[in-house]
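Participant: Input structure: run04.pdb, which contains PDB, C-alpha atoms.
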ATOM      1  CA  MET A   1      76.084 101.148 104.118
ATOM      2  CA  PRO A   2      78.417 101.659 101.102
ATOM      3  CA  LEU A   3      79.871  98.521  99.546
ATOM      4  CA  VAL A   4      83.486  99.310 100.494
ATOM      5  CA  ALA A   5      82.491  99.999 104.105
ATOM      6  CA  ARG A   6      80.569  96.714 104.354
ATOM      7  CA  TRP A   7      83.480  94.754 102.899
ATOM      8  CA  GLY A   8      85.876  96.598 105.205
ATOM      9  CA  ARG A   9      83.893  95.438 108.233
ATOM     10  CA  LEU A  10      84.048  91.850 106.953
ATOM     11  CA  CYS A  11      87.811  92.031 106.463
ATOM     12  CA  ALA A  12      88.423  93.669 109.840
ATOM     13  CA  MET A  13      87.816  90.462 111.811
ATOM     14  CA  PRO A  14      90.621  89.968 114.378
ATOM     15  CA  ALA A  15      93.220  87.391 113.372
ATOM     16  CA  SER A  16      92.392  85.384 116.481
ATOM     17  CA  ASP A  17      88.866  84.843 115.147
ATOM     18  CA  ILE A  18      89.831  83.777 111.632
ATOM     19  CA  ALA A  19      90.281  80.069 112.369
ATOM     20  CA  SER A  20      86.692  79.755 113.586
ATOM     21  CA  HIS A  21      85.217  81.732 110.690
ATOM     22  CA  ASP A  22      87.055  80.219 107.707
ATOM     23  CA  SER A  23      83.810  79.252 105.975
ATOM     24  CA  GLY A  24      83.173  82.927 105.210
ATOM     25  CA  ARG A  25      86.534  83.497 103.580
ATOM     26  CA  LEU A  26      87.380  83.550  99.895
ATOM     27  CA  ARG A  27      90.151  81.030 100.411
ATOM     28  CA  ASP A  28      87.554  78.414 101.327
ATOM     29  CA  LEU A  29      85.511  79.106  98.195
ATOM     30  CA  LEU A  30      88.493  78.832  95.855
ATOM     31  CA  LYS A  31      90.558  76.176  97.635
ATOM     32  CA  VAL A  32      91.118  72.787  96.026
ATOM     33  CA  GLN A  33      90.363  70.394  98.847
ATOM     34  CA  PRO A  34      93.302  68.060  99.516
ATOM     35  CA  GLY A  35      92.625  64.601  98.150
ATOM     36  CA  SER A  36      89.983  65.762  95.673
ATOM     37  CA  THR A  37      90.105  65.109  91.939
ATOM     38  CA  VAL A  38      89.957  68.277  89.854
ATOM     39  CA  ASP A  39      87.928  68.471  86.648
ATOM     40  CA  LEU A  40      88.615  71.896  85.156
ATOM     41  CA  THR A  41      85.627  71.620  82.812
ATOM     42  CA  SER A  42      83.416  71.917  85.892
ATOM     43  CA  TYR A  43      84.808  75.393  86.693
ATOM     44  CA  ASP A  44      83.225  78.474  85.136
ATOM     45  CA  THR A  45      86.100  80.715  84.053
ATOM     46  CA  ARG A  46      83.780  83.768  84.113
ATOM     47  CA  ALA A  47      82.383  83.077  87.574
ATOM     48  CA  THR A  48      82.911  85.528  90.438
ATOM     49  CA  PRO A  49      82.691  83.408  93.623
ATOM     50  CA  GLY A  50      82.658  85.395  96.836
ATOM     51  CA  PHE A  51      82.583  88.769  95.118
ATOM     52  CA  PRO A  52      80.255  91.145  97.015
ATOM     53  CA  GLY A  53      79.892  93.744  94.260
ATOM     54  CA  LYS A  54      78.346  94.010  90.816
ATOM     55  CA  GLY A  55      81.241  94.388  88.418
ATOM     56  CA  LYS A  56      84.541  95.982  87.429
ATOM     57  CA  LYS A  57      83.968  99.352  89.081
ATOM     58  CA  ASP A  58      83.121  97.769  92.425
ATOM     59  CA  ALA A  59      86.079  95.389  92.145
ATOM     60  CA  GLU A  60      88.522  98.233  91.611
ATOM     61  CA  GLN A  61      87.089 100.166  94.561
ATOM     62  CA  LEU A  62      87.254  97.128  96.828
ATOM     63  CA  ARG A  63      90.784  96.252  95.784
ATOM     64  CA  GLU A  64      91.968  99.820  96.317
ATOM     65  CA  ALA A  65      90.233  99.890  99.707
ATOM     66  CA  MET A  66      92.431  96.968 100.754
ATOM     67  CA  ALA A  67      95.626  98.800  99.842
ATOM     68  CA  PRO A  68      96.246 100.659 103.151
ATOM     69  CA  GLU A  69      95.875  97.524 105.270
ATOM     70  CA  LEU A  70      97.849  95.394 102.811
ATOM     71  CA  SER A  71     100.624  97.965 102.977
ATOM     72  CA  ASP A  72     100.541  98.005 106.788
ATOM     73  CA  LEU A  73     100.582  94.204 107.032
ATOM     74  CA  GLN A  74     103.438  94.009 104.542
ATOM     75  CA  GLU A  75     105.473  96.583 106.461
ATOM     76  CA  ARG A  76     104.964  94.687 109.724
ATOM     77  CA  LEU A  77     106.033  91.449 108.014
ATOM     78  CA  TYR A  78     109.087  93.189 106.556
ATOM     79  CA  ALA A  79     110.045  94.727 109.908
ATOM     80  CA  GLY A  80     109.826  91.344 111.622
ATOM     81  CA  GLY A  81     112.114  89.858 108.987
ATOM     82  CA  ARG A  82     114.995  91.961 110.277
ATOM     83  CA  TYR A  83     115.139  89.769 113.368
ATOM     84  CA  PRO A  84     116.341  86.138 113.096
ATOM     85  CA  GLN A  85     113.773  84.912 115.618
ATOM     86  CA  ASP A  86     110.925  85.834 113.235
ATOM     87  CA  PRO A  87     111.238  83.796 110.003
ATOM     88  CA  LYS A  88     107.751  84.612 108.632
ATOM     89  CA  ARG A  89     107.520  85.156 104.892
ATOM     90  CA  VAL A  90     104.973  84.654 102.104
ATOM     91  CA  LEU A  91     105.285  82.934  98.737
ATOM     92  CA  VAL A  92     102.633  83.574  96.081
ATOM     93  CA  VAL A  93     102.752  81.159  93.137
ATOM     94  CA  LEU A  94     101.059  82.305  89.915
ATOM     95  CA  GLN A  95     100.388  79.604  87.319
ATOM     96  CA  GLY A  96      98.156  79.600  84.287
ATOM     97  CA  MET A  97      98.021  79.286  80.536
ATOM     98  CA  ASP A  98      99.565  82.049  78.433
ATOM     99  CA  THR A  99      97.526  85.311  78.680
ATOM    100  CA  SER A 100      95.879  84.163  81.928
ATOM    101  CA  GLY A 101      97.179  87.320  83.566
ATOM    102  CA  LYS A 102     100.218  86.501  85.654
ATOM    103  CA  GLY A 103     101.910  89.776  84.725
ATOM    104  CA  GLY A 104      98.689  91.756  85.116
ATOM    105  CA  THR A 105      98.203  90.303  88.576
ATOM    106  CA  VAL A 106     101.699  91.396  89.582
ATOM    107  CA  THR A 107     100.973  94.925  88.363
ATOM    108  CA  HIS A 108      97.504  95.392  89.852
ATOM    109  CA  VAL A 109      97.883  93.488  93.118
ATOM    110  CA  PHE A 110     101.510  93.756  94.166
ATOM    111  CA  GLY A 111     101.800  97.221  92.701
ATOM    112  CA  MET A 112      99.794  98.368  95.735
ATOM    113  CA  MET A 113     102.666  97.438  98.063
ATOM    114  CA  ASN A 114     106.205  98.604  98.779
ATOM    115  CA  ALA A 115     108.549  97.100  96.191
ATOM    116  CA  ALA A 116     111.298  96.896  98.823
ATOM    117  CA  GLY A 117     109.391  94.079 100.512
ATOM    118  CA  LEU A 118     108.739  92.082  97.335
ATOM    119  CA  GLN A 119     110.803  89.471  95.503
ATOM    120  CA  LEU A 120     109.561  88.705  91.975
ATOM    121  CA  THR A 121     110.968  85.754  90.048
ATOM    122  CA  SER A 122     109.839  84.902  86.525
ATOM    123  CA  PHE A 123     110.897  81.389  85.599
ATOM    124  CA  LYS A 124     111.837  80.779  81.968
ATOM    125  CA  ALA A 125     113.432  77.746  80.349
ATOM    126  CA  PRO A 126     116.268  76.609  82.643
ATOM    127  CA  THR A 127     119.753  77.875  81.911
ATOM    128  CA  LYS A 128     122.772  75.614  81.334
ATOM    129  CA  GLU A 129     123.803  76.072  84.983
ATOM    130  CA  GLU A 130     120.284  75.302  86.232
ATOM    131  CA  ARG A 131     120.123  72.126  84.120
ATOM    132  CA  GLU A 132     123.234  70.891  85.896
ATOM    133  CA  HIS A 133     121.259  70.738  89.149
ATOM    134  CA  GLY A 134     117.984  69.145  90.201
ATOM    135  CA  TYR A 135     114.833  70.909  89.015
ATOM    136  CA  LEU A 136     114.099  72.301  92.502
ATOM    137  CA  TRP A 137     117.542  73.908  92.840
ATOM    138  CA  ARG A 138     116.671  77.154  91.067
ATOM    139  CA  ILE A 139     113.295  77.274  92.829
ATOM    140  CA  THR A 140     114.918  76.950  96.253
ATOM    141  CA  ASN A 141     117.403  79.698  95.377
ATOM    142  CA  ALA A 142     114.519  82.065  94.589
ATOM    143  CA  LEU A 143     112.584  81.577  97.838
ATOM    144  CA  PRO A 144     111.742  84.811  99.667
ATOM    145  CA  ARG A 145     113.904  85.896 102.565
ATOM    146  CA  PRO A 146     112.370  86.392 106.036
ATOM    147  CA  GLY A 147     109.942  89.303 106.041
ATOM    148  CA  MET A 148     109.526  89.287 102.261
ATOM    149  CA  ILE A 149     106.623  88.485  99.971
ATOM    150  CA  GLY A 150     107.913  86.374  97.103
ATOM    151  CA  ILE A 151     106.033  86.124  93.815
ATOM    152  CA  PHE A 152     106.713  83.278  91.394
ATOM    153  CA  ASP A 153     105.597  83.919  87.809
ATOM    154  CA  ARG A 154     105.542  80.212  86.905
ATOM    155  CA  SER A 155     107.248  77.887  89.336
ATOM    156  CA  GLN A 156     108.316  74.350  90.213
ATOM    157  CA  TYR A 157     105.123  73.199  88.523
ATOM    158  CA  GLU A 158     106.612  73.793  85.082
ATOM    159  CA  ASP A 159     108.382  70.480  85.692
ATOM    160  CA  VAL A 160     105.065  68.600  85.761
ATOM    161  CA  LEU A 161     103.378  70.780  83.120
ATOM    162  CA  VAL A 162     105.592  71.760  80.177
ATOM    163  CA  VAL A 163     107.921  68.848  80.850
ATOM    164  CA  ARG A 164     104.988  66.432  80.815
ATOM    165  CA  VAL A 165     103.165  67.775  77.764
ATOM    166  CA  GLU A 166     106.288  68.297  75.665
ATOM    167  CA  ASN A 167     107.745  64.877  76.619
ATOM    168  CA  LEU A 168     111.002  66.401  77.863
ATOM    169  CA  VAL A 169     111.630  63.549  80.312
ATOM    170  CA  GLU A 170     110.291  60.046  80.781
ATOM    171  CA  PRO A 171     106.835  59.710  82.424
ATOM    172  CA  ALA A 172     108.400  57.875  85.364
ATOM    173  CA  VAL A 173     110.558  60.945  86.028
ATOM    174  CA  TRP A 174     107.878  63.622  85.985
ATOM    175  CA  GLY A 175     105.450  61.208  87.641
ATOM    176  CA  ALA A 176     107.645  61.073  90.747
ATOM    177  CA  ARG A 177     107.796  64.830  91.000
ATOM    178  CA  TYR A 178     104.322  65.369  92.483
ATOM    179  CA  ASP A 179     105.377  63.719  95.742
ATOM    180  CA  GLU A 180     108.770  65.426  95.598
ATOM    181  CA  ILE A 181     107.122  68.821  95.243
ATOM    182  CA  ASN A 182     104.740  68.097  98.121
ATOM    183  CA  ALA A 183     107.655  67.142 100.374
ATOM    184  CA  TRP A 184     109.626  70.215  99.313
ATOM    185  CA  GLU A 185     106.669  72.522  99.967
ATOM    186  CA  ALA A 186     106.162  70.948 103.398
ATOM    187  CA  ASP A 187     109.778  71.797 104.249
ATOM    188  CA  VAL A 188     109.352  75.332 102.942
ATOM    189  CA  ALA A 189     106.185  75.806 105.020
ATOM    190  CA  ALA A 190     107.962  74.433 108.107
ATOM    191  CA  SER A 191     110.622  77.131 107.686
ATOM    192  CA  GLY A 192     108.011  79.841 108.293
ATOM    193  CA  THR A 193     106.737  80.402 104.752
ATOM    194  CA  THR A 194     103.036  80.813 104.006
ATOM    195  CA  ILE A 195     102.453  79.413 100.500
ATOM    196  CA  ILE A 196      99.576  80.753  98.359
ATOM    197  CA  LYS A 197      99.296  78.880  95.050
ATOM    198  CA  CYS A 198      97.009  80.540  92.505
ATOM    199  CA  PHE A 199      95.911  78.857  89.283
ATOM    200  CA  LEU A 200      94.567  81.556  86.961
ATOM    201  CA  HIS A 201      91.942  79.650  84.999
ATOM    202  CA  ILE A 202      90.934  81.024  81.599
ATOM    203  CA  SER A 203      88.961  79.566  78.722
ATOM    204  CA  PRO A 204      90.423  78.909  75.263
ATOM    205  CA  GLU A 205      87.944  81.424  73.849
ATOM    206  CA  GLU A 206      89.195  84.160  76.177
ATOM    207  CA  GLN A 207      92.805  83.303  75.398
ATOM    208  CA  LYS A 208      92.084  83.611  71.673
ATOM    209  CA  GLU A 209      90.580  87.079  72.190
ATOM    210  CA  ARG A 210      93.572  88.213  74.227
ATOM    211  CA  LEU A 211      96.064  86.947  71.649
ATOM    212  CA  ALA A 212      94.110  88.699  68.888
ATOM    213  CA  ALA A 213      94.086  91.913  70.934
ATOM    214  CA  ARG A 214      97.867  91.814  71.160
ATOM    215  CA  LEU A 215      98.143  91.500  67.383
ATOM    216  CA  ALA A 216      95.682  94.354  66.878
ATOM    217  CA  ASP A 217      97.781  96.875  68.801
ATOM    218  CA  PRO A 218     101.404  97.669  67.862
ATOM    219  CA  LYS A 219     102.004  98.695  71.475
ATOM    220  CA  LYS A 220     101.280  95.094  72.494
ATOM    221  CA  TYR A 221     103.360  93.273  69.890
ATOM    222  CA  TRP A 222     106.073  92.784  72.501
ATOM    223  CA  LYS A 223     103.651  90.680  74.542
ATOM    224  CA  TYR A 224     102.929  88.325  71.656
ATOM    225  CA  ASN A 225     104.827  85.073  71.280
ATOM    226  CA  PRO A 226     104.152  82.987  68.140
ATOM    227  CA  GLY A 227     104.811  79.908  70.248
ATOM    228  CA  ASP A 228     101.618  80.606  72.200
ATOM    229  CA  VAL A 229      99.593  79.419  69.197
ATOM    230  CA  ASP A 230     101.536  76.161  69.161
ATOM    231  CA  VAL A 231     100.710  75.671  72.837
ATOM    232  CA  ARG A 232      97.016  76.331  72.093
ATOM    233  CA  ALA A 233      97.046  73.288  69.835
ATOM    234  CA  LYS A 234      97.829  71.233  72.963
ATOM    235  CA  TRP A 235      95.144  72.827  75.147
ATOM    236  CA  ALA A 236      93.603  69.498  76.194
ATOM    237  CA  GLN A 237      96.974  68.043  77.163
ATOM    238  CA  TYR A 238      97.832  71.103  79.242
ATOM    239  CA  GLN A 239      94.460  71.040  80.964
ATOM    240  CA  ALA A 240      95.047  67.400  81.884
ATOM    241  CA  ALA A 241      98.485  68.285  83.230
ATOM    242  CA  TYR A 242      97.042  71.115  85.321
ATOM    243  CA  GLU A 243      94.294  68.851  86.636
ATOM    244  CA  ALA A 244      96.901  66.356  87.799
ATOM    245  CA  ALA A 245      99.001  69.055  89.500
ATOM    246  CA  LEU A 246      95.971  70.585  91.206
ATOM    247  CA  SER A 247      94.667  67.196  92.326
ATOM    248  CA  ARG A 248      97.933  65.733  93.535
ATOM    249  CA  CYS A 249      99.615  68.840  94.973
ATOM    250  CA  SER A 250      96.871  70.627  96.904
ATOM    251  CA  THR A 251      97.793  69.967 100.529
ATOM    252  CA  GLU A 252      96.795  71.440 103.875
ATOM    253  CA  LEU A 253     100.156  73.197 104.111
ATOM    254  CA  ALA A 254     100.161  74.438 100.511
ATOM    255  CA  PRO A 255      96.694  74.303  98.938
ATOM    256  CA  TRP A 256      95.868  75.369  95.411
ATOM    257  CA  PHE A 257      93.302  78.077  94.714
ATOM    258  CA  VAL A 258      91.494  77.994  91.363
ATOM    259  CA  ILE A 259      90.744  81.575  90.323
ATOM    260  CA  PRO A 260      88.342  82.193  87.424
ATOM    261  CA  ALA A 261      90.384  84.569  85.269
ATOM    262  CA  ASP A 262      88.318  85.440  82.198
ATOM    263  CA  ARG A 263      87.304  88.628  84.049
ATOM    264  CA  LYS A 264      90.540  90.457  84.803
ATOM    265  CA  TRP A 265      88.924  92.613  87.459
ATOM    266  CA  TYR A 266      87.749  89.561  89.397
ATOM    267  CA  ARG A 267      91.155  87.886  89.092
ATOM    268  CA  ASN A 268      92.902  90.925  90.545
ATOM    269  CA  TRP A 269      90.395  91.325  93.377
ATOM    270  CA  ALA A 270      90.535  87.616  94.215
ATOM    271  CA  VAL A 271      94.337  87.421  94.430
ATOM    272  CA  ALA A 272      94.461  90.624  96.510
ATOM    273  CA  THR A 273      91.792  89.237  98.825
ATOM    274  CA  LEU A 274      93.577  85.896  99.226
ATOM    275  CA  LEU A 275      96.789  87.704 100.099
ATOM    276  CA  HIS A 276      94.931  89.943 102.553
ATOM    277  CA  GLU A 277      93.302  86.975 104.268
ATOM    278  CA  HIS A 278      96.579  85.106 104.618
ATOM    279  CA  LEU A 279      98.429  88.136 105.980
ATOM    280  CA  LEU A 280      95.673  88.647 108.540
ATOM    281  CA  ALA A 281      96.073  85.016 109.581
ATOM    282  CA  ILE A 282      99.852  85.453 109.936
ATOM    283  CA  ASP A 283      99.157  88.567 112.033
ATOM    284  CA  PRO A 284     102.686  90.047 111.817
ATOM    285  CA  GLN A 285     103.573  92.273 114.758
ATOM    286  CA  TRP A 286     105.870  95.261 115.030
ATOM    287  CA  PRO A 287     109.109  93.992 116.596
ATOM    288  CA  ALA A 288     109.923  95.274 120.069
ATOM    289  CA  ALA A 289     112.867  97.649 120.455
ATOM    290  CA  SER A 290     116.205  95.952 121.003
ATOM    291  CA  PHE A 291     117.426  99.001 122.954
ATOM    292  CA  ASP A 292     116.262 101.081 125.923
ATOM    293  CA  VAL A 293     113.790 103.551 124.412
ATOM    294  CA  ALA A 294     113.983 106.102 127.250
ATOM    295  CA  THR A 295     117.765 106.169 127.083
ATOM    296  CA  GLU A 296     117.768 106.648 123.336
ATOM    297  CA  LYS A 297     115.178 109.437 123.546
ATOM    298  CA  ALA A 298     117.434 111.232 126.014
ATOM    299  CA  ARG A 299     120.474 110.740 123.790
ATOM    300  CA  VAL A 300     118.651 112.097 120.754
ATOM    301  CA  ALA A 301     117.374 115.102 122.695
ATOM    302  CA  ALA A 302     120.873 115.865 123.909
ATOM    303  CA  SER A 303     122.544 115.405 120.527
TER     304      SER A 303
END
How does the structure come out when it is put into structure tokens?
Facilitator:
Amino acid sequence: MPLVARWGRLCAMPASDIASHDSGRLRDLLKVQPGSTVDLTSYDTRATPGFPGKGKKDAEQLREAMAPELSDLQERLYAGGRYPQDPKRVLVVLQGMDTSGKGGTVTHVFGMMNAAGLQLTSFKAPTKEEREHGYLWRITNALPRPGMIGIFDRSQYEDVLVVRVENLVEPAVWGARYDEINAWEADVAASGTTIIKCFLHISPEEQKERLAARLADPKKYWKYNPGDVDVRAKWAQYQAAYEAALSRCSTELAPWFVIPADRKWYRNWAVATLLHEHLLAIDPQWPAASFDVATEKARVAAS
């Protein structure tokens, strides 16, 4: 049986069966178990856990094979969001060092879906207005509406990553934020939001190659930021900050997934697969008509 067909059969498991078969899902291979202590040096950034193929070509075929069902699931989610009794929505958080592929993931994964059902927010340094509020204010304002899939390029975790490494606030301040973020995410999940937090894990060697590639091609100069080299000098500090965030903020309601990202094709397949698995678990349904169908058919025929 062709690879795509075999993977299609695996992914076609009814949503009602998913809970009893979680051990065969990618989310269980990549999930940071709540309460565990993360050591990023123990993760192979070139690994391909759960991948059923042999390389880039297979990954692209498998990812593209998911597109029709992803599109259908997204449309059902979007349709349900038009009705106040169905608050389901999805939030995908993308975090990682510079060049880890947050933008590439948006292009190759979410580019397979209808843009009308997506909300993309890229968080930069906070504006003057945002600094006048608590750090979660701008994050809350960017949450996806019912029926939408929200994508955060960076997120609330900047306030325990950059803020910590660059000493922007006192340790007691950022130290309290892990519990605050957990409580906030629990509230967000309770509102009907499925949270998928993806840490795109690359090696310093791979980052160096990607930065050099940007400088080697004039068409990629716009992607290059001289500040990225300054951040590289603090690689160990950033890894420690990520380890703390992954260890302290992977919960049952909002777990972290560590995605080896040195291989772009695996990263894209893995994020698409995680999204597919979570949408299957949500199992969005087409909303029932809020009008008498027979009557409306007659009216249309007579119009």
Participant: Which residues match the PyMOL selection byres ((chain A and resi 248) around 9) in the file above, as a list in words?
Facilitator: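 On this input, the PyMOL selection byres ((chain A and resi 248) around 9) captures Pro34, Gly35, Ser36, Thr37, Tyr178, Asp179, Asn182, Glu243, Ala244, Ala245, Leu246, Ser247, Cys249, Ser250 and Thr251 of chain A.
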Participant: Residues of the last selection are to be written out with C-alpha atoms, as a PDB file, in the frame of the given file.
Facilitator:
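Ended up saving to result.pdb:
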ATOM      1  CA  PRO A  34      93.302  68.060  99.516  1.00  0.00           C
ATOM      2  CA  GLY A  35      92.625  64.601  98.150  1.00  0.00           C
ATOM      3  CA  SER A  36      89.983  65.762  95.673  1.00  0.00           C
ATOM      4  CA  THR A  37      90.105  65.109  91.939  1.00  0.00           C
ATOM      5  CA  TYR A 178     104.322  65.369  92.483  1.00  0.00           C
ATOM      6  CA  ASP A 179     105.377  63.719  95.742  1.00  0.00           C
ATOM      7  CA  ASN A 182     104.740  68.097  98.121  1.00  0.00           C
ATOM      8  CA  GLU A 243      94.294  68.851  86.636  1.00  0.00           C
ATOM      9  CA  ALA A 244      96.901  66.356  87.799  1.00  0.00           C
ATOM     10  CA  ALA A 245      99.001  69.055  89.500  1.00  0.00           C
ATOM     11  CA  LEU A 246      95.971  70.585  91.206  1.00  0.00           C
ATOM     12  CA  SER A 247      94.667  67.196  92.326  1.00  0.00           C
ATOM     13  CA  CYS A 249      99.615  68.840  94.973  1.00  0.00           C
ATOM     14  CA  SER A 250      96.871  70.627  96.904  1.00  0.00           C
ATOM     15  CA  THR A 251      97.793  69.967 100.529  1.00  0.00           C
TER      16      THR A 251
END
Participant: For Ala59 (chain A), work out the shell of residues within 9 Å, counting only C-alpha atoms and skipping chain neighbours fewer than 5 positions away, then give it as JSON, numbers by chain.
Facilitator: {"A": [51, 52, 53, 54, 64, 265, 266, 268, 269]}
Participant: Please evaluate the PyMOL selection byres ((chain A and resi 92) around 8) against the displayed coordinates and give the resulting residues as an NGL selection string.
Facilitator: :A and (90-91 or 93-94 or 149-152 or 195-198)
Participant: Please write the residues picked by the PyMOL selection byres ((chain A and resi 147) around 6) on this file as a list of chain:residue names.
Facilitator: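 When the PyMOL selection byres ((chain A and resi 147) around 6) is applied to the shown file, the picked residues are A:Leu77, A:Tyr78, A:Gly80, A:Gly81, A:Lys88, A:Arg89, A:Pro146, A:Met148.
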Participant: Select, from A:Ala241, A:Leu200, A:Ala190, A:Leu118, the residue with the minimum atom-to-atom distance to Pro171 (chain A), counting only C-alpha atoms.
Facilitator: A:Ala241
Participant: By how many Å are CA of Val160 (chain A) and CA of Leu136 (chain A) apart?
Facilitator: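 For CA of Val160 (chain A) relative to CA of Leu136 (chain A), the distance reads 11.9 Å.
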Participant: Between A:Thr194, A:Ser42, A:Thr127, A:Asn114, which has the minimum distance to Glu252 (chain A) (counting all atoms listed in the file)?
Facilitator: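 Smallest distance to Glu252 (chain A) is found for A:Thr194.
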Participant: My list of candidates is A:Pro49, A:Lys128, A:Met97, A:Leu168. Which is closest to Asp28 (chain A) when distances are computed with all atoms listed in the file?
Facilitator: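 Ranked by minimum distance to Asp28 (chain A), first place goes to A:Pro49.
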Participant: In Å, with one decimal, what is the gap from CA of Glu185 (chain A) to CA of Arg145 (chain A)?
Facilitator: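 Between CA of Glu185 (chain A) and CA of Arg145 (chain A) the gap works out to 15.4 Å.
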Participant: Have a look at CA of Leu211 (chain A) and CA of Val229 (chain A) and let me know their distance in Å, one decimal.
Facilitator: 8.7 Å
Participant: Pick from A:Ala183, A:Ala216, A:Ala289, A:Ala240: nearest to Val38 (chain A), with all atoms listed in the file counted?
Facilitator: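 Selected residue with least distance to Val38 (chain A): A:Ala240.
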Participant: Around (96.3, 80.9, 89.2) in the file's own coordinates, what residues are found within 9 Å if you use all atoms listed in the file, given back as a compact mmCIF listing (two decimals) with C-alpha atoms, keeping the file's coordinate frame?
Facilitator:
# COMPACT_ATOMS: atom_id res chain seq x y z
CA VAL A 93 102.75 81.16 93.14
CA LEU A 94 101.06 82.30 89.92
CA GLN A 95 100.39 79.60 87.32
CA GLY A 96 98.16 79.60 84.29
CA MET A 97 98.02 79.29 80.54
CA SER A 100 95.88 84.16 81.93
CA GLY A 101 97.18 87.32 83.57
CA LYS A 102 100.22 86.50 85.65
CA LYS A 197 99.30 78.88 95.05
CA CYS A 198 97.01 80.54 92.50
CA PHE A 199 95.91 78.86 89.28
CA LEU A 200 94.57 81.56 86.96
CA HIS A 201 91.94 79.65 85.00
CA TRP A 256 95.87 75.37 95.41
CA PHE A 257 93.30 78.08 94.71
CA VAL A 258 91.49 77.99 91.36
CA ILE A 259 90.74 81.58 90.32
CA PRO A 260 88.34 82.19 87.42
CA ALA A 261 90.38 84.57 85.27
CA ARG A 267 91.16 87.89 89.09
CA VAL A 271 94.34 87.42 94.43
Participant: Restricting the calculation to only C-alpha atoms, which member of A:Gln33, A:Met112, A:Asp58, A:Lys223 is positioned closest to Arg210 (chain A)?
Facilitator: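 The shortest atom-to-atom distance to Arg210 (chain A) comes from A:Lys223.
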